[in-house]
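S.K.: What follows is the file structure.cif, containing mmCIF, C-alpha atoms and all ligand atoms:
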data_my_file
loop_
_atom_site.label_atom_id
_atom_site.label_comp_id
_atom_site.auth_asym_id
_atom_site.auth_seq_id
_atom_site.Cartn_x
_atom_site.Cartn_y
_atom_site.Cartn_z
CA MET A 200 -16.06 41.36 7.65
CA LYS A 201 -16.82 38.15 9.42
CA LEU A 202 -19.55 37.38 6.91
CA LEU A 203 -17.25 37.99 3.98
CA LYS A 204 -14.66 35.75 5.55
CA SER A 205 -17.05 32.84 5.98
CA PHE A 206 -18.32 33.38 2.45
CA LEU A 207 -14.76 33.09 1.15
CA TRP A 208 -14.24 29.97 3.23
CA GLY A 209 -17.37 28.46 1.73
CA LEU A 210 -16.11 29.26 -1.73
CA LEU A 211 -12.76 27.70 -1.03
CA VAL A 212 -14.28 24.54 0.42
CA SER A 213 -16.84 24.07 -2.34
CA GLN A 214 -14.17 24.59 -4.97
CA THR A 215 -12.01 21.90 -3.47
CA VAL A 216 -14.95 19.50 -3.41
CA GLY A 217 -15.91 20.43 -6.97
CA LEU A 218 -12.47 19.58 -8.24
CA ALA A 219 -12.51 16.22 -6.57
CA VAL A 220 -15.85 15.35 -8.16
CA ASP A 221 -15.18 16.48 -11.74
CA ALA A 222 -12.08 14.46 -12.50
CA ASN A 223 -11.85 10.90 -11.26
CA ASP A 224 -8.74 9.96 -9.39
CA LEU A 225 -6.62 6.92 -9.78
CA GLU A 226 -6.44 5.84 -6.17
CA TYR A 227 -3.91 3.09 -6.62
CA TRP A 228 -2.16 1.00 -9.22
CA ASP A 229 0.47 -1.65 -9.09
CA PHE A 230 2.00 -4.41 -11.16
CA ASP A 231 2.03 -7.55 -9.08
CA VAL A 232 4.94 -9.63 -10.34
CA ARG A 233 4.01 -12.79 -8.49
CA GLN A 234 0.39 -12.78 -9.65
CA ASN A 235 1.40 -11.41 -13.01
CA ARG A 236 -1.31 -8.78 -13.09
CA VAL A 237 -2.00 -5.09 -12.98
CA GLU A 238 -4.20 -3.94 -10.15
CA ILE A 239 -6.09 -0.68 -10.46
CA VAL A 240 -8.28 1.13 -7.98
CA THR A 241 -10.21 4.08 -9.34
CA GLU A 242 -13.19 5.99 -8.17
CA GLU A 243 -16.50 4.29 -8.80
CA GLY A 244 -17.90 4.30 -12.31
CA VAL A 245 -14.62 4.20 -14.23
CA ARG A 246 -14.57 1.44 -16.84
CA PRO A 247 -11.16 0.48 -18.22
CA LYS A 248 -10.57 -0.43 -21.85
CA ALA A 249 -7.78 -2.74 -22.82
CA SER A 250 -6.10 -3.73 -26.06
CA MET A 251 -2.86 -5.15 -27.31
CA ILE A 252 -0.53 -3.66 -29.87
CA ALA A 253 2.45 -5.17 -31.64
CA ASN A 254 6.02 -3.91 -32.21
CA PRO A 255 6.90 -3.88 -29.42
CA THR A 256 4.22 -6.05 -27.86
CA ARG A 257 2.34 -4.06 -25.29
CA LEU A 258 -0.86 -4.19 -23.35
CA ILE A 259 -2.66 -0.85 -23.22
CA ILE A 260 -5.12 -0.12 -20.42
CA ASP A 261 -7.06 3.12 -20.80
CA LEU A 262 -8.97 4.66 -17.91
CA PRO A 263 -11.50 7.07 -19.40
CA GLY A 264 -12.40 10.02 -17.19
CA VAL A 265 -9.38 9.58 -14.96
CA ASN A 266 -7.01 12.45 -14.40
CA LEU A 267 -3.63 11.35 -13.17
CA GLY A 268 -2.83 14.81 -11.86
CA LYS A 269 0.92 14.17 -11.92
CA PRO A 270 3.69 13.50 -14.42
CA SER A 271 4.06 10.06 -15.95
CA ILE A 272 5.68 7.32 -13.95
CA SER A 273 7.49 4.30 -15.27
CA GLN A 274 9.06 1.22 -13.79
CA ASP A 275 11.39 -0.80 -15.94
CA LYS A 276 12.71 -4.38 -15.78
CA ILE A 277 9.69 -5.54 -13.86
CA SER A 278 10.30 -9.21 -14.54
CA GLY A 279 11.92 -11.43 -17.13
CA TYR A 280 8.84 -11.07 -19.32
CA VAL A 281 7.74 -7.52 -18.63
CA LYS A 282 10.20 -4.90 -19.78
CA GLU A 283 8.43 -1.83 -18.53
CA VAL A 284 5.18 -0.53 -17.06
CA ARG A 285 4.33 3.09 -17.79
CA LEU A 286 1.56 5.29 -16.47
CA GLY A 287 0.73 8.62 -18.03
CA GLN A 288 -1.93 11.09 -19.08
CA PHE A 289 -2.78 9.94 -22.61
CA ASN A 290 -5.09 12.89 -23.26
CA PRO A 291 -6.86 15.33 -20.92
CA TYR A 292 -9.59 12.77 -20.27
CA THR A 293 -7.74 9.51 -20.23
CA THR A 294 -5.03 7.98 -18.08
CA ARG A 295 -3.15 5.19 -19.82
CA ILE A 296 -1.21 2.27 -18.40
CA VAL A 297 1.15 0.51 -20.78
CA VAL A 298 2.65 -2.88 -20.00
CA GLU A 299 5.47 -3.49 -22.44
CA LEU A 300 6.70 -7.05 -22.80
CA GLY A 301 10.27 -8.11 -23.32
CA GLU A 302 11.27 -8.29 -26.97
CA GLN A 303 11.05 -12.03 -27.34
CA TYR A 304 7.63 -12.44 -25.69
CA SER A 305 4.02 -12.08 -26.64
CA MET A 306 0.59 -12.86 -25.18
CA ARG A 307 -2.65 -14.03 -26.72
CA PRO A 308 -5.08 -11.11 -26.31
CA TRP A 309 -8.05 -13.42 -25.76
CA GLU A 310 -6.26 -14.91 -22.78
CA VAL A 311 -5.74 -11.56 -21.07
CA LYS A 312 -8.56 -10.95 -18.60
CA VAL A 313 -9.75 -7.63 -17.28
CA ARG A 314 -11.84 -8.37 -14.25
CA SER A 315 -13.88 -6.12 -12.05
CA LEU A 316 -13.82 -7.17 -8.42
CA ALA A 317 -15.84 -4.27 -7.13
CA ASN A 318 -17.22 -1.07 -8.61
CA ASN A 319 -13.84 0.58 -8.51
CA ARG A 320 -11.36 -2.25 -8.33
CA TRP A 321 -9.91 -3.96 -11.38
CA TYR A 322 -7.41 -6.63 -12.18
CA VAL A 323 -5.81 -7.03 -15.55
CA GLN A 324 -4.59 -10.59 -15.50
CA LEU A 325 -1.85 -11.22 -17.99
CA SER A 326 -1.85 -14.60 -19.67
CA ASP A 327 1.06 -16.99 -19.97
CA PHE A 328 3.83 -15.41 -21.95
CA GLN A 329 4.53 -16.92 -25.32
CA PRO A 330 7.74 -16.73 -27.30
CA HIS A 331 7.19 -14.54 -30.35
CA SER A 332 7.67 -17.49 -32.65
CA VAL A 333 4.60 -19.15 -31.13
CA TYR A 334 2.25 -16.19 -31.23
CA SER A 335 2.61 -12.79 -32.83
CA LEU A 336 -0.05 -10.12 -32.70
CA PRO A 337 -1.85 -8.86 -35.77
CA PRO A 338 -0.60 -5.42 -36.85
CA GLU A 339 -3.79 -3.63 -35.73
CA GLU A 340 -4.94 -3.19 -32.15
CA ALA A 341 -6.41 -6.35 -30.69
CA PRO A 342 -9.13 -5.67 -28.14
CA VAL A 343 -9.14 -7.42 -24.79
CA ALA A 344 -12.46 -8.49 -23.28
CA ILE A 345 -13.66 -6.94 -20.06
CA ILE A 346 -15.35 -9.26 -17.60
CA VAL A 347 -17.80 -7.59 -15.28
CA PRO A 348 -19.67 -9.84 -12.87
CA LEU A 349 -23.46 -9.53 -12.89
CA PRO A 350 -24.65 -7.33 -10.06
CA LYS A 351 -25.77 -9.39 -7.11
CA PRO A 352 -29.49 -9.17 -6.27
CA SER A 353 -29.78 -6.58 -3.53
CA SER A 354 -30.97 -8.22 -0.37
CA PRO A 355 -30.28 -6.73 3.03
CA SER A 356 -27.25 -8.60 4.29
CA PRO A 357 -27.52 -9.75 7.87
CA SER A 358 -25.11 -7.78 10.00
CA PRO A 359 -22.66 -9.90 11.94
CA SER A 360 -23.49 -10.33 15.56
CA PRO A 361 -21.52 -8.18 17.98
CA GLY A 362 -20.51 -11.45 19.60
CA GLY A 363 -18.69 -12.43 16.41
CA ARG A 364 -16.81 -9.14 16.37
CA GLY A 365 -15.39 -9.84 19.80
CA ARG A 366 -13.09 -12.29 18.10
CA TYR A 367 -11.28 -9.38 16.48
CA THR A 368 -8.66 -7.35 18.28
CA VAL A 369 -7.99 -3.95 16.77
CA VAL A 370 -4.97 -1.92 17.85
CA ILE A 371 -5.44 1.83 17.57
CA ASP A 372 -2.16 3.72 17.67
CA PRO A 373 -2.39 7.47 18.28
CA GLY A 374 0.93 8.92 17.05
CA HIS A 375 3.44 10.66 19.33
CA GLY A 376 2.55 11.70 22.91
CA GLY A 377 4.24 12.94 26.06
CA ARG A 378 7.53 14.70 25.35
CA ASP A 379 6.98 14.11 21.63
CA PRO A 380 4.26 16.52 20.48
CA GLY A 381 4.51 15.43 16.83
CA ALA A 382 3.86 18.17 14.31
CA ILE A 383 2.97 21.64 15.55
CA GLY A 384 0.71 23.64 13.33
CA LEU A 385 -1.02 26.97 13.03
CA GLY A 386 -2.01 28.46 16.36
CA GLY A 387 0.23 25.91 18.12
CA LEU A 388 -2.09 23.00 17.32
CA GLN A 389 -0.28 19.82 18.36
CA GLU A 390 -0.50 16.60 16.41
CA LYS A 391 -0.38 14.44 19.56
CA ARG A 392 -3.56 16.05 20.89
CA VAL A 393 -5.50 15.94 17.62
CA VAL A 394 -4.70 12.28 17.01
CA LEU A 395 -5.42 11.19 20.59
CA SER A 396 -8.84 12.81 20.40
CA ILE A 397 -9.66 11.05 17.11
CA SER A 398 -8.18 7.73 18.24
CA ALA A 399 -10.13 7.69 21.50
CA GLU A 400 -13.32 8.25 19.54
CA VAL A 401 -12.45 5.47 17.06
CA ALA A 402 -11.84 3.10 19.98
CA LYS A 403 -15.12 4.06 21.62
CA ILE A 404 -17.12 3.44 18.43
CA LEU A 405 -15.43 0.10 17.75
CA ARG A 406 -16.05 -1.08 21.32
CA GLN A 407 -19.71 -0.14 20.98
CA ARG A 408 -19.77 -2.33 17.88
CA GLY A 409 -18.41 -5.27 19.82
CA PHE A 410 -14.75 -5.24 18.78
CA ASN A 411 -11.93 -5.80 21.20
CA VAL A 412 -9.81 -2.62 21.10
CA VAL A 413 -6.31 -2.01 22.43
CA MET A 414 -4.82 1.49 22.37
CA THR A 415 -1.05 1.95 22.33
CA ARG A 416 -1.59 5.03 24.48
CA SER A 417 -4.80 6.37 25.94
CA GLY A 418 -3.30 9.46 27.56
CA ASP A 419 -0.56 11.96 26.90
CA SER A 420 2.34 9.57 27.37
CA PHE A 421 5.47 8.85 25.37
CA ILE A 422 5.78 5.45 23.77
CA SER A 423 8.52 4.36 21.37
CA LEU A 424 7.79 3.00 17.90
CA ARG A 425 9.16 -0.34 19.03
CA GLY A 426 6.90 -0.25 22.08
CA ARG A 427 3.88 0.32 19.84
CA VAL A 428 4.70 -2.65 17.66
CA GLN A 429 5.35 -4.83 20.71
CA LYS A 430 2.00 -3.91 22.18
CA ALA A 431 0.29 -4.94 18.95
CA GLU A 432 2.18 -8.24 18.81
CA ASN A 433 1.56 -9.02 22.48
CA SER A 434 -2.17 -8.44 22.15
CA ASN A 435 -2.37 -10.78 19.15
CA ALA A 436 -4.04 -8.03 17.20
CA ASN A 437 -5.81 -8.78 13.93
CA ILE A 438 -5.15 -5.30 12.59
CA PHE A 439 -3.11 -2.24 13.51
CA VAL A 440 -4.24 1.29 12.68
CA SER A 441 -1.96 4.23 13.37
CA ILE A 442 -3.40 7.73 13.38
CA HIS A 443 -1.27 10.79 12.62
CA ALA A 444 -1.61 14.36 11.39
CA ASN A 445 0.64 15.84 8.76
CA ALA A 446 2.74 18.98 8.56
CA VAL A 447 4.70 20.82 5.94
CA GLY A 448 7.29 23.52 6.46
CA GLY A 449 7.75 26.87 4.81
CA ASN A 450 4.40 28.34 5.83
CA LYS A 451 2.66 26.44 3.03
CA THR A 452 -0.83 26.84 4.46
CA GLN A 453 -2.35 25.90 1.10
CA VAL A 454 -1.24 22.29 1.55
CA ASN A 455 -4.18 20.33 2.96
CA GLY A 456 -5.62 16.86 2.70
CA MET A 457 -5.69 13.36 4.12
CA GLU A 458 -3.81 10.30 2.94
CA THR A 459 -3.57 6.69 4.01
CA PHE A 460 -0.47 4.52 4.00
CA TYR A 461 0.25 0.81 3.98
CA PHE A 462 3.38 -1.19 3.48
CA SER A 463 2.50 -4.74 2.51
CA SER A 464 -0.43 -6.72 3.86
CA GLY A 465 -2.28 -3.59 4.98
CA TYR A 466 -3.27 -2.47 1.53
CA ARG A 467 -6.92 -3.55 1.69
CA LEU A 468 -7.25 -2.17 5.19
CA ALA A 469 -5.76 1.18 4.12
CA LEU A 470 -8.04 1.31 1.13
CA SER A 471 -11.13 0.53 3.18
CA ILE A 472 -10.35 3.26 5.72
CA HIS A 473 -9.41 5.73 3.02
CA ARG A 474 -12.56 5.19 1.00
CA ASN A 475 -14.77 5.62 4.01
CA ILE A 476 -13.10 8.92 4.89
CA VAL A 477 -13.44 10.15 1.31
CA ARG A 478 -17.10 9.18 1.34
CA GLU A 479 -18.02 10.51 4.78
CA VAL A 480 -15.73 13.48 5.30
CA THR A 481 -16.28 15.09 1.94
CA ILE A 482 -14.53 18.36 2.75
CA ALA A 483 -11.23 16.59 3.38
CA ARG A 484 -8.96 16.76 0.33
CA ASN A 485 -8.10 13.32 -0.98
CA ARG A 486 -4.34 12.79 -1.37
CA GLY A 487 -4.66 9.09 -2.02
CA VAL A 488 -3.57 5.72 -0.72
CA LYS A 489 0.19 5.28 -0.73
CA LYS A 490 2.85 2.76 0.06
CA ALA A 491 5.43 3.86 2.63
CA ARG A 492 8.20 2.29 4.66
CA PHE A 493 7.00 3.53 8.05
CA TYR A 494 8.39 1.59 10.98
CA VAL A 495 5.04 0.65 12.49
CA LEU A 496 3.82 -0.59 9.09
CA ARG A 497 6.94 -2.62 8.37
CA LYS A 498 7.45 -4.19 11.77
CA THR A 499 3.91 -5.26 12.60
CA SER A 500 3.02 -8.79 11.53
CA MET A 501 -0.71 -8.12 11.08
CA PRO A 502 -2.29 -5.93 8.35
CA ALA A 503 -1.44 -2.34 9.26
CA ALA A 504 -2.44 1.08 7.97
CA LEU A 505 -1.49 4.63 8.89
CA VAL A 506 -3.91 7.48 8.41
CA GLU A 507 -2.71 11.06 8.09
CA VAL A 508 -5.94 12.85 8.93
CA GLY A 509 -4.85 16.25 7.65
CA PHE A 510 -2.22 18.99 7.89
CA VAL A 511 -2.02 20.88 11.18
CA THR A 512 -0.10 23.45 9.10
CA GLY A 513 -2.83 23.70 6.45
CA ARG A 514 -5.28 26.56 6.70
CA VAL A 515 -8.34 24.44 5.91
CA ASP A 516 -7.29 21.27 7.75
CA ASN A 517 -6.12 23.20 10.81
CA ARG A 518 -9.50 24.83 11.17
CA ASN A 519 -11.25 21.47 10.73
CA LEU A 520 -8.98 19.53 13.08
CA ASN A 521 -9.60 22.17 15.73
CA SER A 522 -13.28 21.32 15.62
CA ALA A 523 -14.54 18.53 17.89
CA SER A 524 -17.38 17.68 15.53
CA TYR A 525 -14.98 17.32 12.61
CA ARG A 526 -12.68 15.06 14.62
CA LYS A 527 -15.70 12.96 15.56
CA LYS A 528 -16.72 12.66 11.92
CA MET A 529 -13.21 11.63 10.96
CA ALA A 530 -13.24 9.02 13.75
CA GLU A 531 -16.57 7.60 12.58
CA ALA A 532 -15.23 7.26 9.04
CA ILE A 533 -12.08 5.48 10.25
CA ALA A 534 -14.19 3.15 12.43
CA ASP A 535 -16.47 2.45 9.46
CA GLY A 536 -13.46 1.59 7.31
CA ILE A 537 -12.19 -0.83 9.95
CA THR A 538 -15.64 -2.38 10.38
CA GLU A 539 -16.01 -2.81 6.64
CA TYR A 540 -12.59 -4.44 6.41
CA LEU A 541 -13.31 -6.92 9.21
CA ARG A 542 -16.73 -7.85 7.87
ZN ZN B 601 2.98 11.90 13.18
#
As structure tokens - that is how I would like this structure written.
M.R.:
Amino acid sequence: MKLLKSFLWGLLVSQTVGLAVDANDLEYWDFDVRQNRVEIVTEEGVRPKASMIANPTRLIIDLPGVNLGKPSISQDKISGYVKEVRLGQFNPYTTRIVVELGEQYSMRPWEVKVRSLANNRWYVQLSDFQPHSVYSLPPEEAPVAIIVPLPKPSSPSPSPSPGGRGRYTVVIDPGHGGRDPGAIGLGGLQEKRVVLSISAEVAKILRQRGFNVVMTRSGDSFISLRGRVQKAENSNANIFVSIHANAVGGNKTQVNGMETFYFSSGYRLALSIHRNIVREVTIARNRGVKKARFYVLRKTSMPAALVEVGFVTGRVDNRNLNSASYRKKMAEAIADGITEYLR
């Protein structure tokens, strides 16, 4: 019986991993109005294709091999020039982003630049907008060039001295504590305990690497959200990382996975942490990097990210979060993400 059970667990876990590998995910996308560009973060190896089409004038960005995994999204009236940005599943193998310009505007396709900044990070830089009378597109699709920088020669990069890292102060914020247990999951597993264990390990690793670390709580004590932010501000922190565990009601034990949040300046930090978890803790389901108006993300003045390490109510996550070795692995991945960001 026990053997059968662990066999089924294995099956469940390997299936989850298999799914994540087969279809690439779109980790993040956004239209940056100020910079006038579309930013896309995919998994590694995805190569966008871009073209422009007339009537109405629109820029099409296809992401081959990317499964959106959710219904289409659209944002309209983005700016005076951009009427709408849509994101949808064009066919089973391709996710498509469409940037539709306002009726009276056009762009010269050869001035639109698709740039790769890293293996998985792309910018589609729109050009200056032209009134239609100045430039109108040909009736057929006009391709847009993709600019991929030449790979850098691989030489072992010198690692920064631990002395240099001492300049950085990292605030680690374990969620909840004291009279606030946070979420309570299967078997009575408490969020406050799970996240303190992971946070303490993150702090230990970062200190070993030479960083200056401040924890908003290092024991089972209550601290308000405002108190957490104040602590970060008072310590002149360079970054703020909050660690939480998720929960969902209604006995939905099938809901599992980790996700990372940012609000504004913490995007790159969130992405760096998230990617390291995805890479190192492969059995954790990837729910993506998301923007959220959490108090600690909005009120901190330094780049801030919030990691939800998993669901205490999820059958798979609950089992993992109960394991000290899993929590340690999660902590290492978070510390690696922070280290990578501060490099
Ligand atoms: Zn929480």
S.K.: Could you list, as a CSV table (one decimal) with C-alpha atoms, in the frame of the given file, every residue within 6 Å of region 439-442 of chain A, counting all atoms listed in the file and ignoring same-chain residues fewer than 6 positions away?
M.R.:
chain,number,residue,atom,x,y,z
A,370,VAL,CA,-5.0,-1.9,17.8
A,371,ILE,CA,-5.4,1.8,17.6
A,372,ASP,CA,-2.2,3.7,17.7
A,373,PRO,CA,-2.4,7.5,18.3
A,374,GLY,CA,0.9,8.9,17.0
A,394,VAL,CA,-4.7,12.3,17.0
A,503,ALA,CA,-1.4,-2.3,9.3
A,504,ALA,CA,-2.4,1.1,8.0
A,505,LEU,CA,-1.5,4.6,8.9
A,506,VAL,CA,-3.9,7.5,8.4
S.K.: Looking at all atoms listed in the file, which of A:Val480, A:Leu300, A:Ala402, A:Val511 is the one that sits closest to ligand ZN 601 (chain B)?
M.R.: A:Val511
S.K.: Residues within 6 Å of ligand ZN 601 (chain B), counting only C-alpha atoms and all ligand atoms: report them as JSON, numbers by chain.
M.R.: {"A": [374, 381, 443, 444]}
S.K.: From the options A:Pro380, A:Lys403, A:Tyr280, A:Asn254, which residue's atoms come nearest to Glu339 (chain A), counting all atoms listed in the file?
M.R.: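 Using all atoms listed in the file, Glu339 (chain A) sits closest to A:Asn254.
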S.K.: May I ask which of the residues A:Thr459, A:Ser464, A:Ser471, A:Gln303 is the closest one to Gly509 (chain A), counting all atoms listed in the file?
M.R.: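 Closest to Gly509 (chain A) of all the choices is A:Thr459.
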S.K.: As an exercise, work out the distance from CA of Ala530 (chain A) to CA of Leu405 (chain A) in Å and give it to one decimal place.
M.R.: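 CA of Leu405 (chain A) lies 10.0 Å from CA of Ala530 (chain A).
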S.K.: For Gly448 (chain A), work out the shell of residues within 12 Å, counting all atoms listed in the file and skipping chain neighbours fewer than 5 positions away, then give it as a list in words.
M.R.: Ala382, Ile383, Gly384, Leu385, Gln453, Val454, Phe510, Val511, Thr512 and Gly513 of chain A
S.K.: What does the distance between CA of Pro330 (chain A) and CA of Met306 (chain A) come to in Å, to one decimal place?
M.R.: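 Answer for the CA of Pro330 (chain A) to CA of Met306 (chain A) separation: 8.4 Å.
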S.K.: What is the CA of Val401 (chain A)-CA of Val515 (chain A) distance in Å, reported with one decimal?
M.R.: 22.4 Å
S.K.: Nearest to Thr241 (chain A): which of A:Leu388, A:Ile272, A:Leu470, A:Met501 is it, counting all atoms listed in the file?
M.R.: A:Leu470
S.K.: What would the list of residues within 6 Å of (-11.2, -6.3, -14.5) (file frame) look like as a list of chain:residue names, if only C-alpha atoms are what count?
M.R.: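 All residues meeting the 6 Å criterion around (-11.2, -6.3, -14.5) are A:Val313, A:Arg314, A:Ser315, A:Trp321, A:Tyr322, A:Val323, A:Ile346.
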S.K.: Restricting it to C-alpha atoms, dump the selection as a PDB file, in the frame of the given file.
M.R.:
ATOM      1  CA  VAL A 313      -9.750  -7.630 -17.280  1.00  0.00           C
ATOM      2  CA  ARG A 314     -11.840  -8.370 -14.250  1.00  0.00           C
ATOM      3  CA  SER A 315     -13.880  -6.120 -12.050  1.00  0.00           C
ATOM      4  CA  TRP A 321      -9.910  -3.960 -11.380  1.00  0.00           C
ATOM      5  CA  TYR A 322      -7.410  -6.630 -12.180  1.00  0.00           C
ATOM      6  CA  VAL A 323      -5.810  -7.030 -15.550  1.00  0.00           C
ATOM      7  CA  ILE A 346     -15.350  -9.260 -17.600  1.00  0.00           C
TER       8      ILE A 346
END
S.K.: Find the residues around region 410-425 of chain A up to 10 Å (all atoms listed in the file counted), leave out those fewer than 3 positions away in its own chain, and share them as a PyMOL selection string.
M.R.: chain A and resi 361-380+391-392+395-396+398-399+401-407+428-431+434+436-437+439-441+493-495+498-499+538+541
S.K.: Since the input is missing atoms, can you rebuild N, CA and C atoms for region 280-300 of chain A and write them as a PDB file, keeping the file's coordinate frame?
M.R.:
ATOM      1  N   TYR A 280       9.746 -11.185 -18.181  1.00  0.00           N
ATOM      2  CA  TYR A 280       8.840 -11.070 -19.320  1.00  0.00           C
ATOM      3  C   TYR A 280       8.410  -9.631 -19.573  1.00  0.00           C
ATOM      4  N   VAL A 281       8.259  -8.884 -18.494  1.00  0.00           N
ATOM      5  CA  VAL A 281       7.740  -7.520 -18.630  1.00  0.00           C
ATOM      6  C   VAL A 281       8.904  -6.546 -18.574  1.00  0.00           C
ATOM      7  N   LYS A 282       9.069  -5.814 -19.689  1.00  0.00           N
ATOM      8  CA  LYS A 282      10.200  -4.900 -19.780  1.00  0.00           C
ATOM      9  C   LYS A 282       9.922  -3.625 -18.997  1.00  0.00           C
ATOM     10  N   GLU A 283       8.712  -3.125 -19.139  1.00  0.00           N
ATOM     11  CA  GLU A 283       8.430  -1.830 -18.530  1.00  0.00           C
ATOM     12  C   GLU A 283       6.925  -1.655 -18.315  1.00  0.00           C
ATOM     13  N   VAL A 284       6.569  -0.949 -17.251  1.00  0.00           N
ATOM     14  CA  VAL A 284       5.180  -0.530 -17.060  1.00  0.00           C
ATOM     15  C   VAL A 284       5.190   0.982 -16.949  1.00  0.00           C
ATOM     16  N   ARG A 285       4.377   1.622 -17.779  1.00  0.00           N
ATOM     17  CA  ARG A 285       4.330   3.090 -17.790  1.00  0.00           C
ATOM     18  C   ARG A 285       2.920   3.558 -17.454  1.00  0.00           C
ATOM     19  N   LEU A 286       2.853   4.703 -16.809  1.00  0.00           N
ATOM     20  CA  LEU A 286       1.560   5.290 -16.470  1.00  0.00           C
ATOM     21  C   LEU A 286       1.631   6.753 -16.846  1.00  0.00           C
ATOM     22  N   GLY A 287       0.684   7.214 -17.619  1.00  0.00           N
ATOM     23  CA  GLY A 287       0.730   8.620 -18.030  1.00  0.00           C
ATOM     24  C   GLY A 287      -0.639   9.137 -18.426  1.00  0.00           C
ATOM     25  N   GLN A 288      -0.687  10.448 -18.637  1.00  0.00           N
ATOM     26  CA  GLN A 288      -1.930  11.090 -19.080  1.00  0.00           C
ATOM     27  C   GLN A 288      -1.927  11.029 -20.602  1.00  0.00           C
ATOM     28  N   PHE A 289      -2.764  10.154 -21.165  1.00  0.00           N
ATOM     29  CA  PHE A 289      -2.780   9.940 -22.610  1.00  0.00           C
ATOM     30  C   PHE A 289      -3.392  11.148 -23.319  1.00  0.00           C
ATOM     31  N   ASN A 290      -4.516  11.623 -22.815  1.00  0.00           N
ATOM     32  CA  ASN A 290      -5.090  12.890 -23.260  1.00  0.00           C
ATOM     33  C   ASN A 290      -5.795  13.488 -22.039  1.00  0.00           C
ATOM     34  N   PRO A 291      -6.344  14.699 -22.151  1.00  0.00           N
ATOM     35  CA  PRO A 291      -6.860  15.330 -20.920  1.00  0.00           C
ATOM     36  C   PRO A 291      -7.913  14.488 -20.188  1.00  0.00           C
ATOM     37  N   TYR A 292      -8.502  13.526 -20.889  1.00  0.00           N
ATOM     38  CA  TYR A 292      -9.590  12.770 -20.270  1.00  0.00           C
ATOM     39  C   TYR A 292      -9.230  11.328 -19.956  1.00  0.00           C
ATOM     40  N   THR A 293      -8.053  10.933 -20.359  1.00  0.00           N
ATOM     41  CA  THR A 293      -7.740   9.510 -20.230  1.00  0.00           C
ATOM     42  C   THR A 293      -6.349   9.290 -19.619  1.00  0.00           C
ATOM     43  N   THR A 294      -6.308   8.444 -18.610  1.00  0.00           N
ATOM     44  CA  THR A 294      -5.030   7.980 -18.080  1.00  0.00           C
ATOM     45  C   THR A 294      -4.737   6.628 -18.710  1.00  0.00           C
ATOM     46  N   ARG A 295      -3.493   6.426 -19.109  1.00  0.00           N
ATOM     47  CA  ARG A 295      -3.150   5.190 -19.820  1.00  0.00           C
ATOM     48  C   ARG A 295      -2.033   4.432 -19.089  1.00  0.00           C
ATOM     49  N   ILE A 296      -2.248   3.139 -18.954  1.00  0.00           N
ATOM     50  CA  ILE A 296      -1.210   2.270 -18.400  1.00  0.00           C
ATOM     51  C   ILE A 296      -0.711   1.384 -19.535  1.00  0.00           C
ATOM     52  N   VAL A 297       0.575   1.338 -19.709  1.00  0.00           N
ATOM     53  CA  VAL A 297       1.150   0.510 -20.780  1.00  0.00           C
ATOM     54  C   VAL A 297       2.064  -0.536 -20.152  1.00  0.00           C
ATOM     55  N   VAL A 298       1.783  -1.791 -20.457  1.00  0.00           N
ATOM     56  CA  VAL A 298       2.650  -2.880 -20.000  1.00  0.00           C
ATOM     57  C   VAL A 298       3.400  -3.383 -21.230  1.00  0.00           C
ATOM     58  N   GLU A 299       4.694  -3.097 -21.264  1.00  0.00           N
ATOM     59  CA  GLU A 299       5.470  -3.490 -22.440  1.00  0.00           C
ATOM     60  C   GLU A 299       6.231  -4.771 -22.151  1.00  0.00           C
ATOM     61  N   LEU A 300       6.038  -5.762 -23.026  1.00  0.00           N
ATOM     62  CA  LEU A 300       6.700  -7.050 -22.800  1.00  0.00           C
ATOM     63  C   LEU A 300       8.134  -7.021 -23.319  1.00  0.00           C
TER      64      LEU A 300
END
